[in-house]
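Have a look at the structure below before the remarks.
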Amino acid sequence: MRHFIRIIFLLAISLQCHSQTMRKNAAYERYIAQYAEIAVEQMKLHGIPASITLAQGLIESGAGQSELARKGNNHFGIKCHGWQGRKVYHDDDLEGECFRAYSNARESYEDHSQFLVNGRRYRSLFSLSTKDYKGWARGLKAAGYATNPTYADALIRIIELYELYKYDDGKQVKQHVEPVEEERFGIFERNNTPYIVVRRGETLATISEMTGISVRRLAKYNELPKNATLKQGSPIYLEKKPKKASKEYKGKYHVVKAGESFHSIAQDYAMRVETLYKVNHLSYDYSLKEGDRLRIR
């Protein structure tokens with residue numbers, strides 16, 4: 001199964017259980033309310049705990065916000081592997097990998113169930129009770145469903161934090177979702193590149209610990225030294241930035257403000273610093289001045 005960086009980060013945010021004052025993630029709450037009924041339906045049809053299906057959907061689809069979920073209704077990151085239906089392509093472990101695409105989320109949930117039911121390595125799981133979500137979580141990890149070493153713990157924590165085990169009795173489907181205050185931090189996307197917003201006191205090391213992405217890679221993706229001091233409110237990209245800014249900026253200019261640098265501007269547009277110099281025909285020793293007009297693409 002896929003290992004999307006943006007999904008890992010969403011999970012990491014939701015699993016900050018060391019803090020007793022942590023608020024629930026609003027995007028996760030909405031996802032649960034939207035898909036709980038389908039998860040219970042799948043449990044009754046196939047014997048997979050609804051809590052497990054929901055937790056996996058949350059992780060694998062980034063609460064429905066991943067590119068695969070948005071473009072292909074693929075909530076579980078299942079790759080093609082002989083698939084005869086519509087396909088979408090996405091960079092995962094390799095570039096341009098083939099993933100299954102569905103007409104709607106319900107089809108994705110059904111295919112996920114079939115994937116487990118028909119997978120030989122998952123057969124032992126079906127001897128477990130549908131109320132044994134811990135056994136299912138650990139069994140999925142042991143069977144190789146995900147490469148993340150903390151995958152089982154992640155599923156269990158999400159199930160317990162959001163009380164998803166309540167759905168495993170097959171009765172509580174419709175739930176009243178209290179308004180959840182939107183958290184300032186989260187997973188975002190700019191120029192098809194996932195990023196987070198730096199919070200007070202965060203470093204590349206703390207972000208690395210939270211996301212599972214090495215400091216070296218984070219520094220490379222963001223064109224920063226490994227010991228860089230991060231500015232609160234600035235973006236940190238979780239994948240390599242594209243060379244160019246989004247097409248919407250073609251022919252447009254950025255007016256330099258006081259304190260901005262080539263790097264900060266490139267970060268704001270999710271593009272590489274070298275491109276800013278190149279499209280503006282500037283040498284690397286050029287000193288930006290307030291009021292300068294920089295072509296973005």
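Letters for chains follow the order of the structure tokens (A, B, ...), residue numbers begin at 1 for each chain, and ligand numbers begin at 1 in the order shown.
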Stretch 63-79 of chain A environment, 9 Å, only C-alpha atoms, sequence neighbours closer than 5 positions dropped, as an mmCIF file with C-alpha atoms, in the first residue's frame:
```cif
data_model
loop_
_atom_site.group_PDB
_atom_site.id
_atom_site.type_symbol
_atom_site.label_atom_id
_atom_site.label_comp_id
_atom_site.auth_asym_id
_atom_site.auth_seq_id
_atom_site.Cartn_x
_atom_site.Cartn_y
_atom_site.Cartn_z
ATOM 1 C CA MET A 1 0.000 0.000 0.000
ATOM 2 C CA ARG A 2 1.088 3.552 -0.638
ATOM 3 C CA HIS A 3 3.098 5.689 1.707
ATOM 4 C CA PHE A 4 1.945 9.231 1.034
ATOM 5 C CA ARG A 6 0.880 14.107 3.239
ATOM 6 C CA ILE A 7 -1.161 11.294 4.754
ATOM 7 C CA LEU A 10 -2.186 14.225 8.799
ATOM 8 C CA ALA A 27 -11.376 17.314 8.778
ATOM 9 C CA TYR A 28 -11.271 13.890 10.464
ATOM 10 C CA GLU A 29 -14.608 14.526 12.173
ATOM 11 C CA ARG A 30 -16.254 15.431 8.875
ATOM 12 C CA TYR A 31 -14.812 12.389 7.144
ATOM 13 C CA ILE A 32 -16.117 10.063 9.850
ATOM 14 C CA GLN A 56 -7.534 3.195 7.314
ATOM 15 C CA GLY A 57 -9.586 5.509 5.127
ATOM 16 C CA LEU A 58 -8.602 8.479 7.269
ATOM 17 C CA ARG A 86 -10.264 3.520 -14.881
ATOM 18 C CA LYS A 87 -6.786 4.392 -13.655
ATOM 19 C CA VAL A 88 -4.991 7.422 -12.264
ATOM 20 C CA TYR A 89 -1.247 7.907 -12.039
ATOM 21 C CA HIS A 90 0.608 9.348 -9.083
ATOM 22 C CA GLU A 97 2.629 4.667 -10.410
ATOM 23 C CA CYS A 98 -0.748 3.276 -11.437
ATOM 24 C CA PHE A 99 -3.657 3.444 -8.986
ATOM 25 C CA ARG A 100 -7.240 2.276 -9.265
ATOM 26 C CA ALA A 101 -9.918 4.917 -9.849
ATOM 27 C CA TYR A 102 -13.583 4.596 -8.897
ATOM 28 C CA SER A 103 -16.854 6.295 -9.764
ATOM 29 C CA ASN A 104 -17.511 7.096 -6.115
ATOM 30 C CA ALA A 105 -16.244 6.476 -2.595
ATOM 31 C CA ARG A 106 -18.598 3.539 -2.013
ATOM 32 C CA GLU A 107 -16.882 1.619 -4.834
ATOM 33 C CA SER A 108 -13.525 2.332 -3.208
ATOM 34 C CA TYR A 109 -14.749 1.010 0.149
ATOM 35 C CA ASP A 111 -12.873 -2.745 -3.389
ATOM 36 C CA HIS A 112 -10.909 -2.279 -0.161
ATOM 37 C CA PHE A 115 -8.769 -6.578 -1.355
ATOM 38 C CA ASN A 192 0.484 20.211 -6.209
#
```
- Message: Going by DSSP on the backbone, which residues of stretch 24-117 of chain A come out as strand (DSSP E or B)? List them as an MDAnalysis selection string.
- Response: chainID A and resid 79 87:90 97:100
- Query: In Å, with one decimal, what is the gap from atom CA of A:Leu224 to atom CA of A:Tyr237?
  - Reply: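 For atom CA of A:Leu224 relative to atom CA of A:Tyr237, the distance reads 11.1 Å.
Residues lying within 7 Å of A:Arg297, counting only C-alpha atoms and ignoring same-chain neighbours fewer than 4 positions away, are Lys244, Ala245, Tyr249, Lys250, Gly251 and Val279 of chain A.
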Just write the chosen residues, N, CA, C and O atoms, as a short mmCIF file (atom, residue, chain, number, x, y, z; two decimals), in the first residue's frame.
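Saved result, again.cif, follows:
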```cif
data_model
loop_
_atom_site.label_atom_id
_atom_site.label_comp_id
_atom_site.auth_asym_id
_atom_site.auth_seq_id
_atom_site.Cartn_x
_atom_site.Cartn_y
_atom_site.Cartn_z
N LYS A 244 8.87 25.08 -11.48
CA LYS A 244 8.15 26.30 -11.81
C LYS A 244 6.94 26.51 -10.90
O LYS A 244 6.40 25.55 -10.36
N ALA A 245 6.52 27.76 -10.79
CA ALA A 245 5.30 28.07 -10.05
C ALA A 245 4.10 27.58 -10.85
O ALA A 245 4.22 27.21 -12.03
N TYR A 249 0.24 31.66 -12.52
CA TYR A 249 1.10 32.83 -12.34
C TYR A 249 1.87 33.19 -13.61
O TYR A 249 2.73 34.07 -13.58
N LYS A 250 1.55 32.54 -14.70
CA LYS A 250 2.25 32.83 -15.95
C LYS A 250 2.07 34.29 -16.33
O LYS A 250 0.95 34.81 -16.41
N GLY A 251 3.18 34.98 -16.56
CA GLY A 251 3.14 36.38 -16.94
C GLY A 251 2.88 37.36 -15.80
O GLY A 251 2.77 38.56 -16.02
N VAL A 279 14.25 32.95 -14.45
CA VAL A 279 13.20 33.62 -15.23
C VAL A 279 13.32 35.14 -15.16
O VAL A 279 12.76 35.85 -15.99
#
```
Would you kindly return, as a PDB file with C-alpha atoms, in the first residue's frame, each protein, DNA or RNA residue with an atom no farther than 12 Å from any atom of A:Ile156, considering only C-alpha atoms and excluding same-chain residues fewer than 5 positions away?
```pdb
ATOM      1  CA  LEU A  11      -1.949  11.120  10.899  1.00  0.00           C
ATOM      2  CA  SER A  14      -4.040  13.675  14.848  1.00  0.00           C
ATOM      3  CA  LEU A  15      -1.908  11.428  17.013  1.00  0.00           C
ATOM      4  CA  CYS A  17      -1.832  12.225  22.194  1.00  0.00           C
ATOM      5  CA  SER A  51     -13.527   1.149  13.011  1.00  0.00           C
ATOM      6  CA  ILE A  52     -10.599  -0.353  11.096  1.00  0.00           C
ATOM      7  CA  THR A  53     -12.037   0.601   7.710  1.00  0.00           C
ATOM      8  CA  LEU A  54     -12.663   4.180   8.838  1.00  0.00           C
ATOM      9  CA  ALA A  55      -9.237   4.539  10.431  1.00  0.00           C
ATOM     10  CA  GLN A  56      -7.534   3.195   7.314  1.00  0.00           C
ATOM     11  CA  ILE A  59      -4.912   7.667   7.050  1.00  0.00           C
ATOM     12  CA  ASP A 132     -11.195  -6.770  18.241  1.00  0.00           C
ATOM     13  CA  TYR A 133      -9.900  -3.650  16.505  1.00  0.00           C
ATOM     14  CA  LYS A 134      -6.509  -3.964  18.207  1.00  0.00           C
ATOM     15  CA  GLY A 135      -6.048  -7.464  16.860  1.00  0.00           C
ATOM     16  CA  TRP A 136      -7.037  -6.322  13.382  1.00  0.00           C
ATOM     17  CA  ALA A 137      -4.691  -3.340  13.508  1.00  0.00           C
ATOM     18  CA  ARG A 138      -1.730  -5.447  14.566  1.00  0.00           C
ATOM     19  CA  GLY A 139      -2.657  -8.185  12.113  1.00  0.00           C
ATOM     20  CA  LEU A 140      -2.760  -5.773   9.190  1.00  0.00           C
ATOM     21  CA  LYS A 141       0.691  -4.504  10.062  1.00  0.00           C
ATOM     22  CA  THR A 150       3.957   2.403  13.747  1.00  0.00           C
ATOM     23  CA  TYR A 151       0.977   1.712  11.471  1.00  0.00           C
ATOM     24  CA  LEU A 161      -9.331   9.186  19.962  1.00  0.00           C
ATOM     25  CA  TYR A 162     -12.418   9.376  17.741  1.00  0.00           C
ATOM     26  CA  GLU A 163     -14.210   6.482  19.480  1.00  0.00           C
ATOM     27  CA  LEU A 164     -14.612   4.634  16.181  1.00  0.00           C
ATOM     28  CA  TYR A 165     -15.051   1.350  18.087  1.00  0.00           C
TER      29      TYR A 165
END
```
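Every protein or nucleic acid residue with an atom no more than 9 Å from A:Thr130, counting only C-alpha atoms and leaving out same-chain residues fewer than 3 positions away, appears here: Met43, Gly47, Ile48, Pro49, Ala50, Ser51, Phe126, Tyr133, Trp136, Asp168 and Asp169 of chain A.
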- Nearest residue to A:Leu294 from the set A:His254, A:His281, A:Lys44, A:Lys243 (distances using only C-alpha atoms):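 Using only C-alpha atoms, A:Leu294 sits closest to A:His254.
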- Residues near stretch 285-289 of chain A, cut-off 10 Å, only C-alpha atoms, skip fewer than 3 positions along chain, as a ChimeraX atom specification: /A:255-262,277,282,292-294
Save the residues we just selected, C-alpha atoms, as an mmCIF file, in the first residue's frame?
```
data_model
loop_
_atom_site.group_PDB
_atom_site.id
_atom_site.type_symbol
_atom_site.label_atom_id
_atom_site.label_comp_id
_atom_site.auth_asym_id
_atom_site.auth_seq_id
_atom_site.Cartn_x
_atom_site.Cartn_y
_atom_site.Cartn_z
ATOM 1 C CA VAL A 255 6.377 42.920 -5.837
ATOM 2 C CA VAL A 256 9.101 42.447 -3.241
ATOM 3 C CA LYS A 257 8.223 43.508 0.302
ATOM 4 C CA ALA A 258 10.611 44.499 3.062
ATOM 5 C CA GLY A 259 12.382 41.509 4.571
ATOM 6 C CA GLU A 260 11.624 39.115 1.714
ATOM 7 C CA SER A 261 14.318 37.017 0.069
ATOM 8 C CA PHE A 262 14.537 34.888 -3.036
ATOM 9 C CA TYR A 277 16.822 33.785 -10.675
ATOM 10 C CA LEU A 282 19.429 37.718 -12.386
ATOM 11 C CA ASP A 292 11.486 45.021 -7.103
ATOM 12 C CA ARG A 293 9.171 43.225 -9.542
ATOM 13 C CA LEU A 294 9.965 39.548 -9.953
#
```
- Please identify all polymer residues within 9 Å of A:Arg121, counting only C-alpha atoms, omitting same-chain residues fewer than 5 positions from it, and present them as a list in words.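 Residues near the query, excluding close chain neighbours: Leu116, Ala143 and Gly144 of chain A.
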- Using the chain letters and numbers from this document, which residues of stretch 20-230 of chain A does DSSP assign to helix (DSSP H, G or I), as number ranges by chain? A: 26-46, 50-61, 67-72, 105-117, 120-127, 133-142, 151-161, 164-169, 204-211, 215-221
Just C-alpha atoms for this one: save the residues we selected as an mmCIF file, in the first residue's frame.
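Everything below was put into again37.cif:
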```cif
data_model
loop_
_atom_site.group_PDB
_atom_site.id
_atom_site.type_symbol
_atom_site.label_atom_id
_atom_site.label_comp_id
_atom_site.auth_asym_id
_atom_site.auth_seq_id
_atom_site.Cartn_x
_atom_site.Cartn_y
_atom_site.Cartn_z
ATOM 1 C CA ALA A 26 -12.155 18.934 12.127
ATOM 2 C CA ALA A 27 -11.376 17.314 8.778
ATOM 3 C CA TYR A 28 -11.271 13.890 10.464
ATOM 4 C CA GLU A 29 -14.608 14.526 12.173
ATOM 5 C CA ARG A 30 -16.254 15.431 8.875
ATOM 6 C CA TYR A 31 -14.812 12.389 7.144
ATOM 7 C CA ILE A 32 -16.117 10.063 9.850
ATOM 8 C CA ALA A 33 -19.588 11.577 9.682
ATOM 9 C CA GLN A 34 -19.630 11.193 5.903
ATOM 10 C CA TYR A 35 -18.371 7.616 5.593
ATOM 11 C CA ALA A 36 -19.293 5.819 8.823
ATOM 12 C CA GLU A 37 -22.456 4.390 7.311
ATOM 13 C CA ILE A 38 -20.541 2.864 4.396
ATOM 14 C CA ALA A 39 -17.944 1.401 6.783
ATOM 15 C CA VAL A 40 -20.683 -0.265 8.857
ATOM 16 C CA GLU A 41 -22.288 -1.554 5.671
ATOM 17 C CA GLN A 42 -18.973 -3.130 4.648
ATOM 18 C CA MET A 43 -18.558 -4.669 8.100
ATOM 19 C CA LYS A 44 -21.936 -6.381 7.822
ATOM 20 C CA LEU A 45 -21.149 -7.635 4.326
ATOM 21 C CA HIS A 46 -17.558 -8.754 4.791
ATOM 22 C CA ALA A 50 -16.019 -0.557 10.702
ATOM 23 C CA SER A 51 -13.527 1.149 13.011
ATOM 24 C CA ILE A 52 -10.599 -0.353 11.096
ATOM 25 C CA THR A 53 -12.037 0.601 7.710
ATOM 26 C CA LEU A 54 -12.663 4.180 8.838
ATOM 27 C CA ALA A 55 -9.237 4.539 10.431
ATOM 28 C CA GLN A 56 -7.534 3.195 7.314
ATOM 29 C CA GLY A 57 -9.586 5.509 5.127
ATOM 30 C CA LEU A 58 -8.602 8.479 7.269
ATOM 31 C CA ILE A 59 -4.912 7.667 7.050
ATOM 32 C CA GLU A 60 -4.750 6.537 3.439
ATOM 33 C CA SER A 61 -6.847 9.368 1.988
ATOM 34 C CA GLU A 67 -4.934 13.685 -4.682
ATOM 35 C CA LEU A 68 -5.991 10.080 -5.218
ATOM 36 C CA ALA A 69 -9.194 10.556 -3.229
ATOM 37 C CA ARG A 70 -10.027 13.780 -5.012
ATOM 38 C CA LYS A 71 -9.216 12.660 -8.550
ATOM 39 C CA GLY A 72 -9.929 8.956 -8.399
ATOM 40 C CA ALA A 105 -16.244 6.476 -2.595
ATOM 41 C CA ARG A 106 -18.598 3.539 -2.013
ATOM 42 C CA GLU A 107 -16.882 1.619 -4.834
ATOM 43 C CA SER A 108 -13.525 2.332 -3.208
ATOM 44 C CA TYR A 109 -14.749 1.010 0.149
ATOM 45 C CA GLU A 110 -16.115 -2.146 -1.494
ATOM 46 C CA ASP A 111 -12.873 -2.745 -3.389
ATOM 47 C CA HIS A 112 -10.909 -2.279 -0.161
ATOM 48 C CA SER A 113 -13.048 -4.976 1.464
ATOM 49 C CA GLN A 114 -12.500 -7.291 -1.496
ATOM 50 C CA PHE A 115 -8.769 -6.578 -1.355
ATOM 51 C CA LEU A 116 -8.665 -7.882 2.220
ATOM 52 C CA VAL A 117 -11.154 -10.719 1.749
ATOM 53 C CA ARG A 120 -4.228 -14.712 1.184
ATOM 54 C CA ARG A 121 -2.016 -12.933 3.707
ATOM 55 C CA TYR A 122 -5.060 -11.387 5.411
ATOM 56 C CA ARG A 123 -7.074 -14.597 5.832
ATOM 57 C CA SER A 124 -6.158 -15.091 9.490
ATOM 58 C CA LEU A 125 -7.686 -11.722 10.356
ATOM 59 C CA PHE A 126 -11.173 -12.967 9.600
ATOM 60 C CA SER A 127 -10.994 -15.379 12.523
ATOM 61 C CA TYR A 133 -9.900 -3.650 16.505
ATOM 62 C CA LYS A 134 -6.509 -3.964 18.207
ATOM 63 C CA GLY A 135 -6.048 -7.464 16.860
ATOM 64 C CA TRP A 136 -7.037 -6.322 13.382
ATOM 65 C CA ALA A 137 -4.691 -3.340 13.508
ATOM 66 C CA ARG A 138 -1.730 -5.447 14.566
ATOM 67 C CA GLY A 139 -2.657 -8.185 12.113
ATOM 68 C CA LEU A 140 -2.760 -5.773 9.190
ATOM 69 C CA LYS A 141 0.691 -4.504 10.062
ATOM 70 C CA ALA A 142 2.070 -8.025 10.531
ATOM 71 C CA TYR A 151 0.977 1.712 11.471
ATOM 72 C CA ALA A 152 -0.853 -0.528 13.954
ATOM 73 C CA ASP A 153 -0.414 1.957 16.797
ATOM 74 C CA ALA A 154 -1.598 4.730 14.504
ATOM 75 C CA LEU A 155 -4.820 2.891 13.679
ATOM 76 C CA ILE A 156 -5.484 2.107 17.325
ATOM 77 C CA ARG A 157 -4.901 5.676 18.470
ATOM 78 C CA ILE A 158 -7.222 7.097 15.831
ATOM 79 C CA ILE A 159 -9.897 4.567 16.697
ATOM 80 C CA GLU A 160 -9.660 5.431 20.383
ATOM 81 C CA LEU A 161 -9.331 9.186 19.962
ATOM 82 C CA LEU A 164 -14.612 4.634 16.181
ATOM 83 C CA TYR A 165 -15.051 1.350 18.087
ATOM 84 C CA LYS A 166 -18.634 2.474 18.702
ATOM 85 C CA TYR A 167 -19.424 1.602 15.098
ATOM 86 C CA ASP A 168 -18.272 -1.987 15.523
ATOM 87 C CA ASP A 169 -21.565 -2.980 17.147
ATOM 88 C CA LEU A 204 13.307 20.453 11.058
ATOM 89 C CA ALA A 205 14.148 17.838 13.681
ATOM 90 C CA THR A 206 10.755 18.023 15.397
ATOM 91 C CA ILE A 207 8.955 18.005 12.047
ATOM 92 C CA SER A 208 11.058 15.014 11.015
ATOM 93 C CA GLU A 209 10.081 13.148 14.175
ATOM 94 C CA MET A 210 6.411 13.926 13.595
ATOM 95 C CA THR A 211 6.265 13.064 9.899
ATOM 96 C CA VAL A 215 15.883 16.066 8.307
ATOM 97 C CA ARG A 216 18.099 15.686 5.267
ATOM 98 C CA ARG A 217 15.118 15.319 2.957
ATOM 99 C CA LEU A 218 13.154 18.142 4.576
ATOM 100 C CA ALA A 219 16.161 20.418 4.204
ATOM 101 C CA LYS A 220 16.584 19.395 0.572
ATOM 102 C CA TYR A 221 12.914 19.819 -0.301
#
```
- Task: Between atom CA of A:Val273 and atom CA of A:Asn222, measure the distance and give it in Å to one decimal.
- Result: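 Atom CA of A:Asn222 lies at a distance of 9.5 Å from atom CA of A:Val273.
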- Message: Would you compute the distance between atom CA of A:Val197 and atom CA of A:Ser214? Give it in Å to one decimal.
- Response: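 Taking atom CA of A:Val197 as the start and atom CA of A:Ser214 as the end point, the length is 17.4 Å.
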